[in-house]
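Reproduced below: work-v7.tsv, with TSV, C-alpha atoms.
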```tsv
chain	number	residue	atom	x	y	z
A	1	MET	CA	-8.75	-7.51	8.67
A	2	ASN	CA	-7.40	-9.28	5.60
A	3	ARG	CA	-8.76	-12.72	6.35
A	4	PRO	CA	-11.46	-13.81	3.86
A	5	PRO	CA	-14.85	-12.51	5.04
A	6	GLU	CA	-17.24	-15.08	6.48
A	7	GLU	CA	-20.30	-13.44	4.92
A	8	PHE	CA	-19.83	-12.04	1.45
A	9	LYS	CA	-21.20	-11.43	-2.01
A	10	ARG	CA	-19.07	-12.12	-5.07
A	11	ILE	CA	-18.63	-9.03	-7.23
A	12	PRO	CA	-16.90	-9.09	-10.65
A	13	VAL	CA	-13.75	-7.00	-10.45
A	14	GLU	CA	-14.75	-4.96	-13.50
A	15	GLN	CA	-17.89	-3.80	-11.68
A	16	LEU	CA	-15.92	-2.83	-8.58
A	17	ARG	CA	-13.43	-0.88	-10.69
A	18	ALA	CA	-16.12	1.01	-12.60
A	19	PHE	CA	-18.04	1.84	-9.41
A	20	ALA	CA	-14.95	3.05	-7.56
A	21	ALA	CA	-13.89	5.24	-10.47
A	22	ALA	CA	-17.35	6.75	-10.75
A	23	CYS	CA	-17.48	7.58	-7.04
A	24	LEU	CA	-14.04	9.21	-7.09
A	25	LYS	CA	-14.96	11.31	-10.13
A	26	ALA	CA	-18.23	12.32	-8.48
A	27	ALA	CA	-16.17	13.51	-5.50
A	28	GLY	CA	-14.20	15.79	-7.83
A	29	MET	CA	-11.07	13.75	-8.56
A	30	ARG	CA	-9.29	14.15	-11.88
A	31	ALA	CA	-10.66	11.54	-14.28
A	32	ASP	CA	-7.27	10.01	-15.12
A	33	HIS	CA	-6.31	9.81	-11.46
A	34	ALA	CA	-9.70	8.30	-10.58
A	35	ASP	CA	-9.36	5.57	-13.20
A	36	GLN	CA	-5.82	4.79	-12.05
A	37	LEU	CA	-6.78	4.70	-8.37
A	38	ALA	CA	-9.79	2.47	-9.05
A	39	GLU	CA	-7.54	-0.02	-10.82
A	40	LEU	CA	-5.01	-0.04	-7.97
A	41	LEU	CA	-7.69	-0.48	-5.32
A	42	THR	CA	-9.34	-3.36	-7.16
A	43	ASN	CA	-5.92	-4.97	-7.51
A	44	GLY	CA	-5.86	-4.95	-3.73
A	45	ASP	CA	-9.29	-6.60	-3.66
A	46	LEU	CA	-8.09	-9.28	-6.08
A	47	ARG	CA	-5.18	-10.15	-3.82
A	48	GLY	CA	-7.39	-10.35	-0.75
A	49	VAL	CA	-5.87	-7.21	0.76
A	50	ARG	CA	-9.24	-5.87	1.84
A	51	SER	CA	-7.75	-3.18	4.08
A	52	HIS	CA	-6.32	-1.42	1.01
A	53	GLY	CA	-9.01	-2.23	-1.52
A	54	THR	CA	-12.10	-0.40	-2.72
A	55	ARG	CA	-13.51	-0.21	0.81
A	56	THR	CA	-11.25	2.85	1.19
A	57	ILE	CA	-13.18	4.93	-1.35
A	58	SER	CA	-15.54	6.13	1.38
A	59	GLY	CA	-12.79	8.01	3.18
A	60	TYR	CA	-11.08	9.12	-0.01
A	61	CYS	CA	-14.27	10.54	-1.53
A	62	ARG	CA	-15.03	12.60	1.56
A	63	ALA	CA	-11.43	13.83	1.75
A	64	LEU	CA	-11.63	14.95	-1.89
A	65	ARG	CA	-15.02	16.60	-1.50
A	66	ASP	CA	-14.20	18.33	1.77
A	67	GLY	CA	-10.86	19.76	0.63
A	68	ASN	CA	-8.71	17.64	2.88
A	69	VAL	CA	-6.63	16.70	-0.16
A	70	ASN	CA	-6.33	18.34	-3.58
A	71	PRO	CA	-8.77	16.67	-6.02
A	72	ARG	CA	-6.98	18.03	-9.10
A	73	PRO	CA	-3.26	18.28	-8.32
A	74	ASP	CA	-0.71	19.54	-10.81
A	75	LEU	CA	2.10	17.00	-10.61
A	76	LYS	CA	5.56	18.38	-11.32
A	77	VAL	CA	9.11	17.05	-11.41
A	78	LEU	CA	11.14	19.00	-8.86
A	79	LYS	CA	14.50	17.26	-9.33
A	80	GLU	CA	15.81	14.71	-11.82
A	81	THR	CA	19.13	13.01	-12.56
A	82	ASP	CA	20.14	9.89	-14.49
A	83	THR	CA	19.34	7.80	-11.42
A	84	SER	CA	16.71	9.75	-9.49
A	85	VAL	CA	13.49	11.72	-9.74
A	86	LEU	CA	11.43	13.69	-7.22
A	87	VAL	CA	7.77	14.45	-7.98
A	88	ASP	CA	5.68	17.15	-6.27
A	89	GLY	CA	2.24	15.73	-5.47
A	90	ASP	CA	0.67	19.20	-4.99
A	91	GLY	CA	-1.46	18.18	-2.02
A	92	GLY	CA	-3.29	15.29	-3.67
A	93	LEU	CA	-3.54	11.64	-2.75
A	94	GLY	CA	-0.24	9.83	-3.12
A	95	TYR	CA	-1.14	7.18	-5.70
A	96	ALA	CA	-0.65	9.14	-8.93
A	97	PRO	CA	2.59	10.97	-7.98
A	98	MET	CA	4.17	7.85	-6.47
A	99	MET	CA	3.29	5.84	-9.58
A	100	MET	CA	4.67	8.64	-11.75
A	101	ALA	CA	7.95	8.57	-9.81
A	102	THR	CA	8.05	4.77	-10.06
A	103	GLU	CA	7.48	4.71	-13.81
A	104	MET	CA	10.15	7.36	-14.32
A	105	ALA	CA	12.61	5.43	-12.13
A	106	ILE	CA	12.16	2.10	-13.94
A	107	PRO	CA	13.93	2.99	-17.22
A	108	LYS	CA	16.66	4.72	-15.22
A	109	ALA	CA	17.22	1.51	-13.26
A	110	LYS	CA	17.21	-0.56	-16.45
A	111	ALA	CA	19.88	1.74	-17.88
A	112	LYS	CA	22.02	2.32	-14.79
A	113	GLY	CA	21.22	-0.69	-12.59
A	114	VAL	CA	19.69	1.25	-9.69
A	115	ALA	CA	17.39	4.27	-9.48
A	116	VAL	CA	15.29	5.97	-6.85
A	117	GLY	CA	11.98	7.79	-7.15
A	118	GLY	CA	10.49	10.07	-4.53
A	119	THR	CA	7.39	12.15	-4.07
A	120	CYS	CA	6.48	14.86	-1.57
A	121	HIS	CA	3.42	16.86	-0.51
A	122	ILE	CA	1.01	13.94	-0.77
A	123	GLY	CA	-1.76	12.21	1.11
A	124	HIS	CA	-2.13	8.47	1.62
A	125	TYR	CA	-0.50	6.37	-1.12
A	126	GLY	CA	-2.12	3.10	-0.08
A	127	SER	CA	-0.31	-0.20	-0.26
A	128	ALA	CA	3.42	0.13	-0.92
A	129	GLY	CA	3.07	-2.99	-3.05
A	130	HIS	CA	1.44	-1.06	-5.89
A	131	TYR	CA	4.72	0.59	-6.81
A	132	VAL	CA	6.93	-2.40	-6.13
A	133	ARG	CA	4.78	-4.65	-8.29
A	134	ARG	CA	4.86	-2.08	-11.09
A	135	ALA	CA	8.66	-2.26	-11.08
A	136	MET	CA	8.58	-6.06	-10.91
A	137	ARG	CA	6.59	-6.19	-14.14
A	138	GLU	CA	9.58	-4.60	-15.88
A	139	GLY	CA	12.16	-7.08	-14.62
A	140	CYS	CA	13.17	-5.17	-11.50
A	141	THR	CA	13.21	-5.75	-7.77
A	142	ALA	CA	12.07	-2.83	-5.65
A	143	PHE	CA	11.45	-1.40	-2.19
A	144	SER	CA	8.90	1.29	-1.33
A	145	VAL	CA	7.84	3.14	1.80
A	146	GLN	CA	5.65	6.07	2.80
A	147	GLY	CA	6.56	8.41	5.64
A	148	GLY	CA	6.30	12.00	6.77
A	149	HIS	CA	7.83	14.66	8.97
A	150	VAL	CA	6.40	14.00	12.41
A	151	THR	CA	5.03	17.07	14.19
A	152	TYR	CA	2.53	15.14	16.34
A	153	TRP	CA	2.80	12.06	18.53
A	154	GLY	CA	0.16	9.48	19.28
A	155	GLU	CA	-1.07	8.91	15.71
A	156	ASP	CA	-3.85	11.52	15.87
A	157	GLY	CA	-5.44	9.90	18.90
A	158	ARG	CA	-5.20	6.29	17.71
A	159	ASN	CA	-2.40	5.74	20.24
A	160	LYS	CA	-3.98	7.58	23.13
A	161	THR	CA	-1.40	6.53	25.72
A	162	ARG	CA	1.48	7.27	23.32
A	163	GLN	CA	3.08	3.89	23.84
A	164	SER	CA	6.30	3.66	21.87
A	165	ALA	CA	5.65	-0.05	21.29
A	166	TYR	CA	2.70	0.88	19.05
A	167	TRP	CA	4.27	3.91	17.42
A	168	GLY	CA	3.26	4.45	13.81
A	169	ASN	CA	2.52	1.95	11.08
A	170	PRO	CA	3.83	3.26	7.75
A	171	PRO	CA	3.42	0.99	4.71
A	172	ILE	CA	6.51	-0.80	3.46
A	173	CYS	CA	7.14	-3.33	0.69
A	174	PHE	CA	9.94	-5.42	-0.78
A	175	GLY	CA	9.28	-7.35	-4.00
A	176	LEU	CA	11.37	-9.95	-5.84
A	177	PRO	CA	10.04	-11.65	-8.99
A	178	GLY	CA	10.51	-15.34	-9.72
A	179	GLN	CA	9.93	-17.30	-12.89
A	180	ASP	CA	7.55	-20.22	-12.31
A	181	GLU	CA	6.64	-19.74	-8.65
A	182	PRO	CA	4.69	-16.82	-7.15
A	183	PRO	CA	6.80	-13.73	-6.47
A	184	LEU	CA	8.25	-12.97	-3.05
A	185	VAL	CA	6.40	-9.81	-2.01
A	186	LEU	CA	6.51	-8.54	1.57
A	187	ASP	CA	3.74	-5.93	1.45
A	188	ALA	CA	3.15	-4.89	5.03
A	189	ALA	CA	3.50	-2.11	7.58
A	190	THR	CA	6.15	-1.50	10.22
A	191	CYS	CA	4.29	-2.06	13.50
A	192	ILE	CA	4.43	-5.64	14.78
A	193	LEU	CA	0.71	-5.44	15.63
A	194	ALA	CA	-2.26	-4.44	13.53
A	195	ASP	CA	-4.00	-1.16	14.34
A	196	TYR	CA	-6.91	-3.02	15.97
A	197	GLN	CA	-4.70	-5.18	18.21
A	198	ARG	CA	-4.77	-3.13	21.38
A	199	GLY	CA	-5.63	-3.93	24.97
A	200	GLU	CA	-4.19	-5.62	28.04
A	201	GLU	CA	-3.51	-8.94	26.32
A	202	PHE	CA	-1.38	-7.17	23.72
A	203	ASP	CA	0.28	-4.87	26.26
A	204	ALA	CA	1.51	-7.99	28.06
A	205	LEU	CA	3.48	-9.00	24.97
A	206	GLN	CA	5.84	-6.06	25.53
A	207	GLU	CA	7.40	-7.88	28.47
A	208	LEU	CA	7.32	-11.31	26.82
A	209	ILE	CA	8.92	-10.32	23.49
A	210	PRO	CA	10.41	-6.83	23.91
A	211	ALA	CA	12.87	-7.36	21.04
A	212	ALA	CA	9.97	-7.55	18.59
A	213	PHE	CA	8.68	-4.16	19.71
A	214	PHE	CA	12.14	-2.57	19.55
A	215	LYS	CA	12.41	-3.81	15.97
A	216	SER	CA	8.97	-2.41	15.24
A	217	MET	CA	9.96	1.01	16.60
A	218	GLY	CA	13.13	0.98	14.52
A	219	TYR	CA	11.31	0.05	11.33
A	220	THR	CA	8.80	2.83	11.94
A	221	GLY	CA	11.52	5.42	12.54
A	222	VAL	CA	13.49	4.50	9.41
A	223	ALA	CA	10.38	4.31	7.23
A	224	THR	CA	9.06	7.61	8.51
A	225	ALA	CA	12.36	9.35	7.76
A	226	LEU	CA	12.93	7.83	4.32
A	227	GLY	CA	9.41	8.72	3.21
A	228	GLY	CA	9.51	12.05	5.05
A	229	ALA	CA	12.59	14.15	5.67
A	230	PHE	CA	14.56	12.37	2.93
A	231	VAL	CA	12.11	13.46	0.22
A	232	GLY	CA	11.73	17.01	1.53
A	233	MET	CA	8.90	16.89	4.03
A	234	ASN	CA	10.85	18.78	6.71
A	235	SER	CA	10.63	22.11	4.89
A	236	PRO	CA	8.65	25.38	4.78
A	237	GLU	CA	7.21	24.29	1.43
A	238	ALA	CA	5.81	21.10	2.94
A	239	GLU	CA	4.35	23.03	5.85
A	240	ALA	CA	2.62	25.43	3.45
A	241	VAL	CA	1.09	22.57	1.44
A	242	THR	CA	-0.20	20.93	4.62
A	243	LYS	CA	-1.85	24.18	5.71
A	244	ARG	CA	-3.68	24.33	2.37
A	245	TRP	CA	-4.38	20.58	2.15
A	246	PRO	CA	-4.39	19.12	5.70
A	247	GLY	CA	-4.41	15.52	4.50
A	248	ALA	CA	-1.23	15.96	2.46
A	249	ARG	CA	1.55	15.75	5.01
A	250	GLN	CA	3.37	12.71	3.71
A	251	GLY	CA	5.94	11.63	1.17
A	252	GLY	CA	6.95	8.41	-0.54
A	253	LEU	CA	10.02	6.60	-1.81
A	254	VAL	CA	10.72	3.76	-4.21
A	255	LEU	CA	14.10	2.14	-4.83
A	256	VAL	CA	14.24	0.21	-8.11
A	257	MET	CA	17.00	-2.26	-9.04
A	258	ASP	CA	17.46	-4.22	-12.25
A	259	ILE	CA	17.42	-7.92	-11.36
A	260	GLY	CA	20.34	-8.53	-13.71
A	261	LEU	CA	22.60	-5.99	-12.03
A	262	PHE	CA	24.95	-8.53	-10.39
A	263	ALA	CA	23.91	-11.95	-11.72
A	264	PRO	CA	22.05	-13.15	-14.81
A	265	ALA	CA	18.36	-12.35	-14.52
A	266	GLU	CA	17.44	-16.00	-15.16
A	267	ALA	CA	19.62	-17.12	-12.23
A	268	PHE	CA	18.05	-14.51	-9.97
A	269	ARG	CA	14.51	-15.60	-10.86
A	270	ALA	CA	15.42	-19.26	-10.37
A	271	GLY	CA	16.83	-18.36	-6.96
A	272	ILE	CA	13.55	-16.74	-5.91
A	273	ASP	CA	11.65	-19.81	-7.16
A	274	ASN	CA	13.95	-21.97	-5.03
A	275	LEU	CA	13.16	-19.92	-1.91
A	276	VAL	CA	9.40	-19.87	-2.44
A	277	ARG	CA	9.19	-23.55	-3.34
A	278	GLY	CA	11.66	-24.65	-0.67
A	279	VAL	CA	9.78	-23.02	2.21
A	280	ARG	CA	6.49	-24.43	0.99
A	281	GLU	CA	7.79	-27.99	0.52
A	282	HIS	CA	10.25	-28.33	3.41
A	283	MET	CA	9.30	-25.99	6.26
A	284	ALA	CA	6.76	-26.60	9.02
A	285	PRO	CA	3.91	-24.06	8.89
A	286	VAL	CA	3.19	-21.44	11.52
A	287	ARG	CA	0.96	-22.86	14.25
A	288	GLY	CA	-2.67	-22.77	13.23
A	289	TYR	CA	-1.94	-22.81	9.50
A	290	ALA	CA	-1.87	-25.74	7.11
A	291	GLU	CA	1.00	-24.62	4.89
A	292	ALA	CA	4.25	-22.66	5.06
A	293	THR	CA	4.24	-19.95	2.41
A	294	LEU	CA	6.40	-16.90	1.85
A	295	PRO	CA	4.54	-13.59	1.46
A	296	GLY	CA	3.18	-13.15	-2.03
A	297	THR	CA	1.99	-16.74	-2.53
A	298	ILE	CA	-1.47	-16.38	-1.00
A	299	GLU	CA	-2.01	-13.08	-2.82
A	300	SER	CA	-1.07	-14.72	-6.12
A	301	ARG	CA	-3.53	-17.56	-5.55
A	302	ASN	CA	-6.29	-15.14	-4.55
A	303	GLU	CA	-5.75	-13.04	-7.64
A	304	GLN	CA	-6.21	-15.98	-9.96
A	305	ALA	CA	-9.31	-17.25	-8.16
A	306	TYR	CA	-10.99	-13.89	-7.60
A	307	ARG	CA	-10.41	-12.73	-11.16
A	308	ARG	CA	-12.13	-15.90	-12.33
A	309	ASP	CA	-14.94	-16.18	-9.75
A	310	GLY	CA	-15.41	-12.60	-8.54
A	311	VAL	CA	-14.17	-10.85	-5.43
A	312	PRO	CA	-15.73	-12.18	-2.19
A	313	TYR	CA	-16.80	-8.82	-0.80
A	314	GLY	CA	-17.66	-8.69	2.88
A	315	LEU	CA	-21.27	-7.66	3.43
A	316	GLU	CA	-20.35	-4.97	5.95
A	317	ASP	CA	-17.84	-3.43	3.55
A	318	LEU	CA	-20.32	-3.74	0.70
A	319	ALA	CA	-22.93	-1.81	2.66
A	320	ARG	CA	-20.30	0.84	3.36
A	321	ILE	CA	-19.35	1.47	-0.27
A	322	GLU	CA	-23.00	1.30	-1.39
A	323	ALA	CA	-23.74	4.06	1.14
A	324	THR	CA	-20.89	6.05	-0.39
A	325	GLY	CA	-22.45	5.54	-3.80
A	326	ARG	CA	-25.76	6.95	-2.55
A	327	GLU	CA	-23.93	9.87	-0.93
A	328	PHE	CA	-22.26	10.78	-4.23
A	329	GLY	CA	-25.07	9.82	-6.59
A	330	VAL	CA	-23.52	6.66	-8.04
A	331	THR	CA	-25.53	3.45	-8.46
A	332	PRO	CA	-23.50	0.26	-8.07
A	333	PRO	CA	-23.67	-1.94	-11.19
A	334	TRP	CA	-24.47	-5.03	-9.10
A	335	ALA	CA	-27.56	-3.44	-7.52
```
Could you quickly redo this structure as structure tokens?
Amino acid sequence: MNRPPEEFKRIPVEQLRAFAAACLKAAGMRADHADQLAELLTNGDLRGVRSHGTRTISGYCRALRDGNVNPRPDLKVLKETDTSVLVDGDGGLGYAPMMMATEMAIPKAKAKGVAVGGTCHIGHYGSAGHYVRRAMREGCTAFSVQGGHVTYWGEDGRNKTRQSAYWGNPPICFGLPGQDEPPLVLDAATCILADYQRGEEFDALQELIPAAFFKSMGYTGVATALGGAFVGMNSPEAEAVTKRWPGARQGGLVLVMDIGLFAPAEAFRAGIDNLVRGVREHMAPVRGYAEATLPGTIESRNEQAYRRDGVPYGLEDLARIEATGREFGVTPPWA
């Protein structure tokens, strides 16, 4: 999904951001939340993370219009201490409340060394990397995950045979900033296979590498609980929100740590540079690839190139968001 498209049109990121924001507002989303979400989605496009870029506005706009999620949530702080904060997302998409919790946790972590932010009663919060990268900009390392309280099995029909090996795929991210090298950012999901990797050839892997699937199941269980029951999603209040807003049955978590908590910040950053550079210069690449890179390097390179040259937007995805524009009365600026 996130390989560069073979057939594409280059679109300036500013045009993508403006178009996405206009579509979200036309679907009824709060203007400030729409502008924020458009920026986060185009950041995904810039990094080459197409799966979590502006192509998602089609589903989001319909969810907002159809009342699947709250288009104008009233975000509230439910609990707060010197080292923690919990934000109620009020049935809306998860981006704004998770970012609010992150930005409230950052100064707490800078003051106390470690802080945690949570949000409940939310819909999809996208790439976990949005919140981790926000903390990294302030001299922190962070971890984020989205989960929920599971009351259904089989991923709403996407895992029709309910195979435990393919159970769930919640987003998860760890981020560690360097100094001169790209950051180390593992922005992924917990299942060993992508959602589209299903069929007999993939089923056979369960016998060849069962340990990988057991790890996958464990990651999914922990992520689901930390982003679910831990932030209050196993509660009557959460059930009531989901009845009102069916798409808001999830929660999110971010753990923020000051990079200077145990060692000088400069030494920490130099250590990350050493890891990133060392793997690239001394390790053999994965078969089929020309270079060994830690996660975060390719995204950093893409961001520089795409910001300069425009985002290479797959033609199929472009047709999809242009259709969304027509559906909501928004003309794309590149038309």
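With all atoms listed in the file as the atoms that count, the minimum distance from A:His149 to the choices A:Asp180, A:Glu103, A:Glu299, A:Glu239 is reached by A:Glu239.
Comparing A:Leu24, A:Ala135, A:Val114, A:Ile259 by their smallest distance to A:Glu327, the closest is A:Leu24 (using all atoms listed in the file).
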ask   = Around (-14.6, 1.0, 3.0) in the file's frame, which residues reach within 10 Å when counting all atoms listed in the file? Return as an MDAnalysis selection string?
value = chainID A and resid 50:60 316:324
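Note that the spacing between atom CA of A:His130 and atom CA of A:Leu75 amounts to 18.7 Å.
Pairwise distance (atom CA of A:Glu39, atom CA of A:Arg72) equals 18.1 Å.
Nearest residue to A:Arg244 among A:Ala101, A:Ala22, A:Ile122, A:Leu315 is A:Ile122, counting all atoms listed in the file.
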key: Nearby residues (all atoms listed in the file) at most 12 Å from A:Asn2, same-chain spacing under 3 positions excluded, as a PyMOL selection string   = chain A and resi 5-6+44-53+55+188+194+298-299+302+312-314
remark   = Between atom CA of A:Arg301 and atom CA of A:Met100 lies a distance of 28.1 Å
inquiry  = Which residues are near stretch 289-293 of chain A? Cut-off 12 Å, only C-alpha atoms, ignore same chain within fewer than 3 positions. Put them as a PyMOL selection string.
reply    = chain A and resi 181-186+275-286+296-301
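Distances from A:Met136, A:Val231, A:Ile272, A:Ala38 to A:Cys120 were compared using all atoms listed in the file, and the smallest one belongs to A:Val231.
Once only C-alpha atoms are considered, the residues situated within 6 Å of the file point (4.8, -0.6, 10.7) turn out to be A:Asn169, A:Pro170, A:Ala189, A:Thr190, A:Cys191, A:Thr220.
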Restricting it to C-alpha atoms, dump the selection as a CSV table (one decimal), keeping the file's coordinate frame.
```csv
chain,number,residue,atom,x,y,z
A,169,ASN,CA,2.5,2.0,11.1
A,170,PRO,CA,3.8,3.3,7.8
A,189,ALA,CA,3.5,-2.1,7.6
A,190,THR,CA,6.2,-1.5,10.2
A,191,CYS,CA,4.3,-2.1,13.5
A,220,THR,CA,8.8,2.8,11.9
```
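Nearest-residue note for A:Phe202: choosing from A:Ala165, A:Ala27, A:Asp88, A:Ala248, the minimum distance belongs to A:Ala165, counting only C-alpha atoms.
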request  = Choose the residue, out of A:Gln206, A:Asn274, A:Asn70, A:Gln146, that has the smallest atom-to-atom separation from A:Ala225; count only C-alpha atoms.
outcome  = A:Gln146
I want to know what sits within 12 Å of A:Pro236, based on only C-alpha atoms, with residues of the same chain fewer than 5 positions away left out; could you give that as a PDB file with C-alpha atoms, keeping the file's coordinate frame?
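File produced: around-v2.pdb:
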```
ATOM      1  CA  HIS A 121       3.420  16.860  -0.510  1.00  0.00           C
ATOM      2  CA  HIS A 149       7.830  14.660   8.970  1.00  0.00           C
ATOM      3  CA  ALA A 229      12.590  14.150   5.670  1.00  0.00           C
ATOM      4  CA  VAL A 241       1.090  22.570   1.440  1.00  0.00           C
ATOM      5  CA  THR A 242      -0.200  20.930   4.620  1.00  0.00           C
ATOM      6  CA  LYS A 243      -1.850  24.180   5.710  1.00  0.00           C
ATOM      7  CA  ARG A 249       1.550  15.750   5.010  1.00  0.00           C
TER       8      ARG A 249
END
```
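Near A:Arg307, within 10 Å and counting all atoms listed in the file, sit Ile11, Pro12, Val13, Glu14, Asn43, Asp45, Leu46, Arg47, Asn302, Glu303, Gln304, Ala305, Asp309, Gly310 and Val311 of chain A, not including residues fewer than 2 positions from it in the same chain.
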Quick one: 4 Å padding each side, axis-aligned, all listed atoms of stretch 64-67 of chain A - centre and edge lengths in Å to one decimal, as lines of an AutoDock Vina configuration file?
```
center_x = -12.9
center_y = 17.4
center_z = -0.1
size_x = 12.2
size_y = 12.8
size_z = 11.7
```
